[in-house]
Amino acid sequence: MAEAAAPLPDIDASKLTVSVTKEPKAVYGLDNLAFGKNFTDHMLCIRYTEEKGWEAPEIKPYGPLSIDPAAFVLNYSIETFEGMKAYRAADGTVNLFRPEKNMKRLSTSAHRIMLPQFDQDQFLQCIKELVRLDQRFVPDKYGYSLYVRPNFIGTEPNLNLKYSREALLYVYLSPVGPYFPRTVKLCANTTEVRAWPGGVGNYKLGGNYAPAVRPAMEVEKSGYDQVLWLLGDDHYVTEVGTMNFFVYWINEQGERELVTAPLDGIILPGVTRDSLLVLARQWGEFKVSERKITMPDILCALKENRFLEAFGAGTACVVCSVASILYNGSDYAIPVDPEDPAAVFGPLTKRLRNELLDIQYGKTPSPWAVPI
């Protein structure tokens, strides 16, 4: 009887090799941290082939990738990615925030496009080592952080539309400041959709983002900050830009309620989204719901003075308050803080933001803050 073939190697952090740059960069000043434009000294690369499994992880100087022109990623967008951050606490400790959630989501997205599975904990250990190596780039100011971008791409050179038998996991780092240090103006899109039932809106795939660029640039030219994505004839409110969308209002039953769209296969399961829902439910002060709401629901609440606040939430911005929504040719003012016309955050938005940041920066002890 033939012996079973030995399992192919998985990612093994103990085999990680490190090549330190000979040309270290100067640490970026906080005044020059445009989001996603500055990068640290090193990156993490891990290659995979169906024949040999995962190769030894490698940290090396940040630089261009070598990739075949016929690679799956370049032709068929076989690509997924993650967004996470490292934060420096007052005592100098550097923490990641709920990184296991990002590892799980990356694995789920990879499965959807038939990229290989990987040991999530071992990959996370490699990421920690990368952050440790470049931790001098982690800003020491509250509200600033080191953005961590894992990418997972199909690299096999093959124009047959099948699965990629070769792949590359790579991670690079970028120090960043506040993404939206102000309120935002939204433009509700009634003609195009970000995601649809049976699609891939709940996966973090590069192919979900490219079609959203033109609508985003068009609303920006018109003086708005983000697209408010709607779906269906009832104009179901799904997401805002690349963020999850939250409404705080007094519902038709007279209850104070924080509501966001459910994870129905259309909505991306954001880590910030989940964290805010957990915090709000722990308070137990108002109803917290994951359910469908529509633009007519929002207009009714505004007309009846039941609308309290709205905000977007995501890793890049944390939270940002919404000040207005353009819908069907009319601009609707959204309450932020009636007691402070100059407020950047509504009262609930600010409270949620502060509690979350206090955890991320180590002010409030929590298992969500994971030291590197």
# chains A, B, ... in the order shown; residues from 1 in each chain; ligands from 1
>>> closest_atom_pairs(of="stretch 200-242 of chain A", to="stretch 311-320 of chain A", cutoff="9 Å", atoms="only C-alpha atoms", output="JSON lines")
{"residue": "A:Glu239", "atom": "CA", "partner": "A:Gly312", "partner_atom": "CA", "distance": 8.1}
{"residue": "A:Val240", "atom": "CA", "partner": "A:Gly312", "partner_atom": "CA", "distance": 6.4}
{"residue": "A:Gly241", "atom": "CA", "partner": "A:Gly312", "partner_atom": "CA", "distance": 8.6}
{"residue": "A:Thr242", "atom": "CA", "partner": "A:Gly314", "partner_atom": "CA", "distance": 7.6}
>>> select_by_dssp(residues="stretch 3-196 of chain A", states="helix (DSSP H, G or I)", output="VMD selection string")
chain A and resid 13 to 15 30 to 32 72 to 76 99 to 112 120 to 133 135 to 137
>>> write_last_selection(atoms="C-alpha atoms", output="PDB file, in the first residue's frame")
ATOM      1  CA  ALA A  13       7.926  31.866  11.360  1.00  0.00           C
ATOM      2  CA  SER A  14      10.923  30.002  12.820  1.00  0.00           C
ATOM      3  CA  LYS A  15      12.436  29.894   9.310  1.00  0.00           C
ATOM      4  CA  LEU A  30       4.377  64.093  11.405  1.00  0.00           C
ATOM      5  CA  ASP A  31       3.540  67.110   9.260  1.00  0.00           C
ATOM      6  CA  ASN A  32       4.314  65.156   6.079  1.00  0.00           C
ATOM      7  CA  PHE A  72      -2.826  36.013 -12.754  1.00  0.00           C
ATOM      8  CA  VAL A  73      -2.917  39.146 -10.608  1.00  0.00           C
ATOM      9  CA  LEU A  74      -2.107  41.395 -13.573  1.00  0.00           C
ATOM     10  CA  ASN A  75      -4.663  39.802 -15.899  1.00  0.00           C
ATOM     11  CA  TYR A  76      -7.540  38.570 -13.750  1.00  0.00           C
ATOM     12  CA  PRO A  99      -4.848  41.349  14.223  1.00  0.00           C
ATOM     13  CA  GLU A 100      -6.361  37.873  14.326  1.00  0.00           C
ATOM     14  CA  LYS A 101      -9.518  39.363  12.775  1.00  0.00           C
ATOM     15  CA  ASN A 102      -7.499  40.569   9.786  1.00  0.00           C
ATOM     16  CA  MET A 103      -5.807  37.205   9.414  1.00  0.00           C
ATOM     17  CA  LYS A 104      -9.163  35.441   9.380  1.00  0.00           C
ATOM     18  CA  ARG A 105     -10.643  37.872   6.853  1.00  0.00           C
ATOM     19  CA  LEU A 106      -7.591  37.551   4.596  1.00  0.00           C
ATOM     20  CA  SER A 107      -7.944  33.776   4.695  1.00  0.00           C
ATOM     21  CA  THR A 108     -11.667  34.001   3.874  1.00  0.00           C
ATOM     22  CA  SER A 109     -11.037  36.359   0.960  1.00  0.00           C
ATOM     23  CA  ALA A 110      -8.216  34.141  -0.337  1.00  0.00           C
ATOM     24  CA  HIS A 111     -10.498  31.111  -0.275  1.00  0.00           C
ATOM     25  CA  ARG A 112     -13.069  32.966  -2.402  1.00  0.00           C
ATOM     26  CA  GLN A 120      -2.682  32.529  10.226  1.00  0.00           C
ATOM     27  CA  ASP A 121      -0.779  32.597  13.503  1.00  0.00           C
ATOM     28  CA  GLN A 122       2.591  31.959  11.851  1.00  0.00           C
ATOM     29  CA  PHE A 123       1.926  34.684   9.288  1.00  0.00           C
ATOM     30  CA  LEU A 124       1.023  37.068  12.109  1.00  0.00           C
ATOM     31  CA  GLN A 125       4.273  36.240  13.896  1.00  0.00           C
ATOM     32  CA  CYS A 126       6.161  37.222  10.737  1.00  0.00           C
ATOM     33  CA  ILE A 127       4.227  40.503  10.550  1.00  0.00           C
ATOM     34  CA  LYS A 128       5.108  41.247  14.166  1.00  0.00           C
ATOM     35  CA  GLU A 129       8.768  40.714  13.375  1.00  0.00           C
ATOM     36  CA  LEU A 130       8.532  43.141  10.471  1.00  0.00           C
ATOM     37  CA  VAL A 131       6.901  45.777  12.688  1.00  0.00           C
ATOM     38  CA  ARG A 132       9.536  45.187  15.385  1.00  0.00           C
ATOM     39  CA  LEU A 133      12.300  45.713  12.842  1.00  0.00           C
ATOM     40  CA  GLN A 135       9.204  50.152  14.850  1.00  0.00           C
ATOM     41  CA  ARG A 136      11.160  53.418  14.851  1.00  0.00           C
ATOM     42  CA  PHE A 137       8.663  54.517  12.171  1.00  0.00           C
TER      43      PHE A 137
END
>>> atom_distance(atom1="atom CA of A:Glu192", atom2="atom CA of A:Arg306")
28.7 Å
>>> residues_around(residues="A:Gly329", least_positions_apart="4", cutoff="10 Å", atoms="only C-alpha atoms", output="PyMOL selection string")
chain A and resi 187-188+325
>>> write_last_selection(atoms="N, CA and C atoms", output="CSV table (one decimal), in the first residue's frame")
chain,number,residue,atom,x,y,z
A,187,CYS,N,-22.2,62.0,-1.2
A,187,CYS,CA,-23.1,62.0,-2.3
A,187,CYS,C,-23.6,60.6,-2.5
A,188,ALA,N,-24.9,60.5,-2.4
A,188,ALA,CA,-25.6,59.2,-2.5
A,188,ALA,C,-25.7,58.8,-4.0
A,325,ILE,N,-25.6,64.9,3.2
A,325,ILE,CA,-25.8,63.9,2.1
A,325,ILE,C,-26.6,64.5,1.0
>>> residues_around(residues="A:Gly254", least_positions_apart="2", cutoff="12 Å", atoms="only C-alpha atoms", output="short mmCIF file (atom, residue, chain, number, x, y, z; two decimals) with all heavy atoms, in the first residue's frame")
data_model
loop_
_atom_site.label_atom_id
_atom_site.label_comp_id
_atom_site.auth_asym_id
_atom_site.auth_seq_id
_atom_site.Cartn_x
_atom_site.Cartn_y
_atom_site.Cartn_z
N TRP A 249 -30.06 57.37 15.82
CA TRP A 249 -31.32 58.10 15.71
C TRP A 249 -32.29 57.64 16.79
O TRP A 249 -32.00 56.74 17.58
CB TRP A 249 -31.92 57.94 14.33
CG TRP A 249 -32.26 56.52 13.90
CD1 TRP A 249 -32.24 55.37 14.66
CD2 TRP A 249 -32.64 56.11 12.58
NE1 TRP A 249 -32.59 54.29 13.91
CE2 TRP A 249 -32.86 54.70 12.63
CE3 TRP A 249 -32.85 56.77 11.38
CZ2 TRP A 249 -33.25 53.96 11.51
CZ3 TRP A 249 -33.25 56.04 10.27
CH2 TRP A 249 -33.44 54.65 10.34
N ILE A 250 -33.43 58.26 16.80
CA ILE A 250 -34.58 57.78 17.57
C ILE A 250 -35.47 57.07 16.56
O ILE A 250 -35.97 57.69 15.61
CB ILE A 250 -35.33 58.94 18.25
CG1 ILE A 250 -34.39 59.65 19.24
CG2 ILE A 250 -36.56 58.41 18.98
CD1 ILE A 250 -34.97 60.92 19.83
N ASN A 251 -35.60 55.76 16.70
CA ASN A 251 -36.33 55.00 15.69
C ASN A 251 -37.84 55.24 15.79
O ASN A 251 -38.32 56.01 16.65
CB ASN A 251 -35.98 53.51 15.77
CG ASN A 251 -36.38 52.86 17.09
OD1 ASN A 251 -37.29 53.33 17.79
ND2 ASN A 251 -35.70 51.79 17.45
N GLU A 252 -38.59 54.61 14.92
CA GLU A 252 -40.04 54.86 14.86
C GLU A 252 -40.77 54.35 16.09
O GLU A 252 -41.94 54.71 16.31
CB GLU A 252 -40.60 54.22 13.59
CG GLU A 252 -40.11 54.90 12.31
CD GLU A 252 -40.69 54.28 11.06
OE1 GLU A 252 -41.00 53.07 11.09
OE2 GLU A 252 -40.84 55.01 10.05
N ARG A 256 -33.81 55.18 21.26
CA ARG A 256 -32.50 55.57 20.73
C ARG A 256 -31.83 54.31 20.21
O ARG A 256 -31.76 53.29 20.90
CB ARG A 256 -31.65 56.23 21.81
CG ARG A 256 -32.12 57.65 22.14
CD ARG A 256 -31.23 58.33 23.16
NE ARG A 256 -31.66 59.71 23.37
CZ ARG A 256 -31.05 60.78 22.86
NH1 ARG A 256 -29.96 60.63 22.13
NH2 ARG A 256 -31.52 61.99 23.09
N GLU A 257 -31.32 54.40 18.98
CA GLU A 257 -30.79 53.21 18.33
C GLU A 257 -29.57 53.55 17.48
O GLU A 257 -29.58 54.53 16.73
CB GLU A 257 -31.87 52.60 17.43
CG GLU A 257 -31.43 51.35 16.68
CD GLU A 257 -32.50 50.86 15.70
OE1 GLU A 257 -33.26 51.69 15.16
OE2 GLU A 257 -32.56 49.64 15.48
N PHE A 286 -28.44 52.10 24.87
CA PHE A 286 -29.38 52.29 23.78
C PHE A 286 -29.39 51.02 22.94
O PHE A 286 -28.53 50.14 23.08
CB PHE A 286 -29.01 53.51 22.93
CG PHE A 286 -27.55 53.60 22.56
CD1 PHE A 286 -27.02 52.84 21.52
CD2 PHE A 286 -26.69 54.42 23.28
CE1 PHE A 286 -25.68 52.91 21.20
CE2 PHE A 286 -25.34 54.50 22.96
CZ PHE A 286 -24.83 53.73 21.92
N LYS A 287 -30.37 50.93 22.06
CA LYS A 287 -30.48 49.76 21.20
C LYS A 287 -29.38 49.77 20.15
O LYS A 287 -29.06 50.82 19.59
CB LYS A 287 -31.85 49.77 20.52
CG LYS A 287 -32.18 48.52 19.74
CD LYS A 287 -33.62 48.57 19.22
CE LYS A 287 -34.00 47.28 18.52
NZ LYS A 287 -35.42 47.31 18.06
N ALA A 301 -36.61 60.32 9.16
CA ALA A 301 -36.07 60.65 10.47
C ALA A 301 -35.60 62.10 10.53
O ALA A 301 -35.78 62.78 11.55
CB ALA A 301 -34.92 59.70 10.81
N GLU A 304 -38.67 64.37 10.79
CA GLU A 304 -39.33 64.28 12.08
C GLU A 304 -38.40 64.60 13.25
O GLU A 304 -38.74 64.38 14.41
CB GLU A 304 -39.92 62.88 12.26
CG GLU A 304 -41.01 62.55 11.22
CD GLU A 304 -41.51 61.12 11.31
OE1 GLU A 304 -40.99 60.34 12.16
OE2 GLU A 304 -42.43 60.77 10.53
N ASN A 305 -37.20 65.12 12.93
CA ASN A 305 -36.21 65.51 13.95
C ASN A 305 -35.83 64.34 14.86
O ASN A 305 -35.59 64.52 16.05
CB ASN A 305 -36.73 66.69 14.78
CG ASN A 305 -36.86 67.95 13.96
OD1 ASN A 305 -35.99 68.27 13.15
ND2 ASN A 305 -37.98 68.67 14.15
N ARG A 306 -35.76 63.14 14.28
CA ARG A 306 -35.35 61.96 15.05
C ARG A 306 -33.91 61.56 14.75
O ARG A 306 -33.38 60.64 15.38
CB ARG A 306 -36.27 60.78 14.72
CG ARG A 306 -37.71 60.95 15.14
CD ARG A 306 -38.53 59.68 14.90
NE ARG A 306 -38.78 59.40 13.49
CZ ARG A 306 -38.17 58.48 12.77
NH1 ARG A 306 -37.20 57.73 13.30
NH2 ARG A 306 -38.48 58.29 11.49
N PHE A 307 -33.29 62.22 13.80
CA PHE A 307 -31.94 61.85 13.37
C PHE A 307 -30.92 62.55 14.26
O PHE A 307 -30.93 63.77 14.38
CB PHE A 307 -31.73 62.25 11.91
CG PHE A 307 -30.65 61.47 11.21
CD1 PHE A 307 -30.96 60.42 10.38
CD2 PHE A 307 -29.32 61.80 11.39
CE1 PHE A 307 -29.96 59.69 9.73
CE2 PHE A 307 -28.31 61.09 10.76
CZ PHE A 307 -28.63 60.03 9.92
#
>>> decode(residues="stretch 90-116 of chain A", atoms="N, CA, C and O atoms", output="PDB file, in the first residue's frame")
ATOM      1  N   ALA A  90       1.868  55.083  25.420  1.00  0.00           N
ATOM      2  CA  ALA A  90       2.637  56.095  26.142  1.00  0.00           C
ATOM      3  C   ALA A  90       3.916  55.520  26.732  1.00  0.00           C
ATOM      4  O   ALA A  90       4.918  56.225  26.862  1.00  0.00           O
ATOM      5  N   ASP A  91       3.907  54.221  27.103  1.00  0.00           N
ATOM      6  CA  ASP A  91       5.103  53.598  27.678  1.00  0.00           C
ATOM      7  C   ASP A  91       6.071  53.086  26.619  1.00  0.00           C
ATOM      8  O   ASP A  91       7.066  52.431  26.949  1.00  0.00           O
ATOM      9  N   GLY A  92       5.781  53.363  25.352  1.00  0.00           N
ATOM     10  CA  GLY A  92       6.653  52.937  24.264  1.00  0.00           C
ATOM     11  C   GLY A  92       6.278  51.611  23.632  1.00  0.00           C
ATOM     12  O   GLY A  92       6.802  51.253  22.569  1.00  0.00           O
ATOM     13  N   THR A  93       5.372  50.860  24.280  1.00  0.00           N
ATOM     14  CA  THR A  93       4.927  49.583  23.726  1.00  0.00           C
ATOM     15  C   THR A  93       4.238  49.800  22.387  1.00  0.00           C
ATOM     16  O   THR A  93       3.484  50.757  22.206  1.00  0.00           O
ATOM     17  N   VAL A  94       4.493  48.920  21.438  1.00  0.00           N
ATOM     18  CA  VAL A  94       3.819  48.978  20.137  1.00  0.00           C
ATOM     19  C   VAL A  94       2.815  47.835  20.072  1.00  0.00           C
ATOM     20  O   VAL A  94       3.156  46.670  20.294  1.00  0.00           O
ATOM     21  N   ASN A  95       1.562  48.185  19.763  1.00  0.00           N
ATOM     22  CA  ASN A  95       0.477  47.215  19.728  1.00  0.00           C
ATOM     23  C   ASN A  95      -0.149  47.134  18.351  1.00  0.00           C
ATOM     24  O   ASN A  95      -0.284  48.145  17.653  1.00  0.00           O
ATOM     25  N   LEU A  96      -0.555  45.937  17.978  1.00  0.00           N
ATOM     26  CA  LEU A  96      -1.483  45.740  16.873  1.00  0.00           C
ATOM     27  C   LEU A  96      -2.892  45.663  17.452  1.00  0.00           C
ATOM     28  O   LEU A  96      -3.066  45.350  18.634  1.00  0.00           O
ATOM     29  N   PHE A  97      -3.898  45.941  16.627  1.00  0.00           N
ATOM     30  CA  PHE A  97      -5.270  45.946  17.112  1.00  0.00           C
ATOM     31  C   PHE A  97      -6.057  44.797  16.489  1.00  0.00           C
ATOM     32  O   PHE A  97      -6.265  44.764  15.287  1.00  0.00           O
ATOM     33  N   ARG A  98      -6.420  43.826  17.313  1.00  0.00           N
ATOM     34  CA  ARG A  98      -7.223  42.675  16.915  1.00  0.00           C
ATOM     35  C   ARG A  98      -6.700  42.051  15.609  1.00  0.00           C
ATOM     36  O   ARG A  98      -7.461  41.795  14.670  1.00  0.00           O
ATOM     37  N   PRO A  99      -5.414  41.800  15.510  1.00  0.00           N
ATOM     38  CA  PRO A  99      -4.848  41.349  14.223  1.00  0.00           C
ATOM     39  C   PRO A  99      -5.373  39.998  13.776  1.00  0.00           C
ATOM     40  O   PRO A  99      -5.369  39.704  12.571  1.00  0.00           O
ATOM     41  N   GLU A 100      -5.834  39.180  14.719  1.00  0.00           N
ATOM     42  CA  GLU A 100      -6.361  37.873  14.326  1.00  0.00           C
ATOM     43  C   GLU A 100      -7.606  38.014  13.451  1.00  0.00           C
ATOM     44  O   GLU A 100      -7.892  37.148  12.620  1.00  0.00           O
ATOM     45  N   LYS A 101      -8.338  39.127  13.616  1.00  0.00           N
ATOM     46  CA  LYS A 101      -9.518  39.363  12.775  1.00  0.00           C
ATOM     47  C   LYS A 101      -9.087  39.607  11.324  1.00  0.00           C
ATOM     48  O   LYS A 101      -9.747  39.145  10.389  1.00  0.00           O
ATOM     49  N   ASN A 102      -8.001  40.323  11.142  1.00  0.00           N
ATOM     50  CA  ASN A 102      -7.499  40.569   9.786  1.00  0.00           C
ATOM     51  C   ASN A 102      -6.976  39.296   9.149  1.00  0.00           C
ATOM     52  O   ASN A 102      -7.163  39.067   7.951  1.00  0.00           O
ATOM     53  N   MET A 103      -6.314  38.454   9.953  1.00  0.00           N
ATOM     54  CA  MET A 103      -5.807  37.205   9.414  1.00  0.00           C
ATOM     55  C   MET A 103      -6.956  36.316   8.950  1.00  0.00           C
ATOM     56  O   MET A 103      -6.902  35.705   7.869  1.00  0.00           O
ATOM     57  N   LYS A 104      -8.010  36.268   9.737  1.00  0.00           N
ATOM     58  CA  LYS A 104      -9.163  35.441   9.380  1.00  0.00           C
ATOM     59  C   LYS A 104      -9.830  35.975   8.119  1.00  0.00           C
ATOM     60  O   LYS A 104     -10.205  35.197   7.224  1.00  0.00           O
ATOM     61  N   ARG A 105      -9.993  37.302   8.027  1.00  0.00           N
ATOM     62  CA  ARG A 105     -10.643  37.872   6.853  1.00  0.00           C
ATOM     63  C   ARG A 105      -9.802  37.666   5.600  1.00  0.00           C
ATOM     64  O   ARG A 105     -10.331  37.399   4.514  1.00  0.00           O
ATOM     65  N   LEU A 106      -8.476  37.793   5.737  1.00  0.00           N
ATOM     66  CA  LEU A 106      -7.591  37.551   4.596  1.00  0.00           C
ATOM     67  C   LEU A 106      -7.723  36.113   4.110  1.00  0.00           C
ATOM     68  O   LEU A 106      -7.777  35.848   2.902  1.00  0.00           O
ATOM     69  N   SER A 107      -7.795  35.188   5.048  1.00  0.00           N
ATOM     70  CA  SER A 107      -7.944  33.776   4.695  1.00  0.00           C
ATOM     71  C   SER A 107      -9.276  33.533   3.980  1.00  0.00           C
ATOM     72  O   SER A 107      -9.340  32.804   2.984  1.00  0.00           O
ATOM     73  N   THR A 108     -10.344  34.160   4.486  1.00  0.00           N
ATOM     74  CA  THR A 108     -11.667  34.001   3.874  1.00  0.00           C
ATOM     75  C   THR A 108     -11.691  34.575   2.459  1.00  0.00           C
ATOM     76  O   THR A 108     -12.234  33.954   1.528  1.00  0.00           O
ATOM     77  N   SER A 109     -11.089  35.751   2.286  1.00  0.00           N
ATOM     78  CA  SER A 109     -11.037  36.359   0.960  1.00  0.00           C
ATOM     79  C   SER A 109     -10.205  35.512   0.002  1.00  0.00           C
ATOM     80  O   SER A 109     -10.564  35.329  -1.173  1.00  0.00           O
ATOM     81  N   ALA A 110      -9.079  34.981   0.498  1.00  0.00           N
ATOM     82  CA  ALA A 110      -8.216  34.141  -0.337  1.00  0.00           C
ATOM     83  C   ALA A 110      -8.962  32.899  -0.814  1.00  0.00           C
ATOM     84  O   ALA A 110      -8.850  32.483  -1.973  1.00  0.00           O
ATOM     85  N   HIS A 111      -9.738  32.312   0.081  1.00  0.00           N
ATOM     86  CA  HIS A 111     -10.498  31.111  -0.275  1.00  0.00           C
ATOM     87  C   HIS A 111     -11.479  31.406  -1.405  1.00  0.00           C
ATOM     88  O   HIS A 111     -11.687  30.573  -2.299  1.00  0.00           O
ATOM     89  N   ARG A 112     -12.063  32.612  -1.382  1.00  0.00           N
ATOM     90  CA  ARG A 112     -13.069  32.966  -2.402  1.00  0.00           C
ATOM     91  C   ARG A 112     -12.455  33.013  -3.799  1.00  0.00           C
ATOM     92  O   ARG A 112     -13.135  32.713  -4.793  1.00  0.00           O
ATOM     93  N   ILE A 113     -11.182  33.400  -3.917  1.00  0.00           N
ATOM     94  CA  ILE A 113     -10.547  33.506  -5.239  1.00  0.00           C
ATOM     95  C   ILE A 113      -9.498  32.404  -5.447  1.00  0.00           C
ATOM     96  O   ILE A 113      -8.629  32.510  -6.301  1.00  0.00           O
ATOM     97  N   MET A 114      -9.599  31.367  -4.640  1.00  0.00           N
ATOM     98  CA  MET A 114      -8.781  30.162  -4.773  1.00  0.00           C
ATOM     99  C   MET A 114      -7.286  30.423  -4.655  1.00  0.00           C
ATOM    100  O   MET A 114      -6.469  29.798  -5.334  1.00  0.00           O
ATOM    101  N   LEU A 115      -6.917  31.356  -3.788  1.00  0.00           N
ATOM    102  CA  LEU A 115      -5.529  31.460  -3.360  1.00  0.00           C
ATOM    103  C   LEU A 115      -5.330  30.490  -2.208  1.00  0.00           C
ATOM    104  O   LEU A 115      -6.280  30.164  -1.485  1.00  0.00           O
ATOM    105  N   PRO A 116      -4.107  30.017  -1.979  1.00  0.00           N
ATOM    106  CA  PRO A 116      -3.896  28.967  -0.982  1.00  0.00           C
ATOM    107  C   PRO A 116      -4.126  29.442   0.450  1.00  0.00           C
ATOM    108  O   PRO A 116      -3.966  30.624   0.764  1.00  0.00           O
TER     109      PRO A 116
END
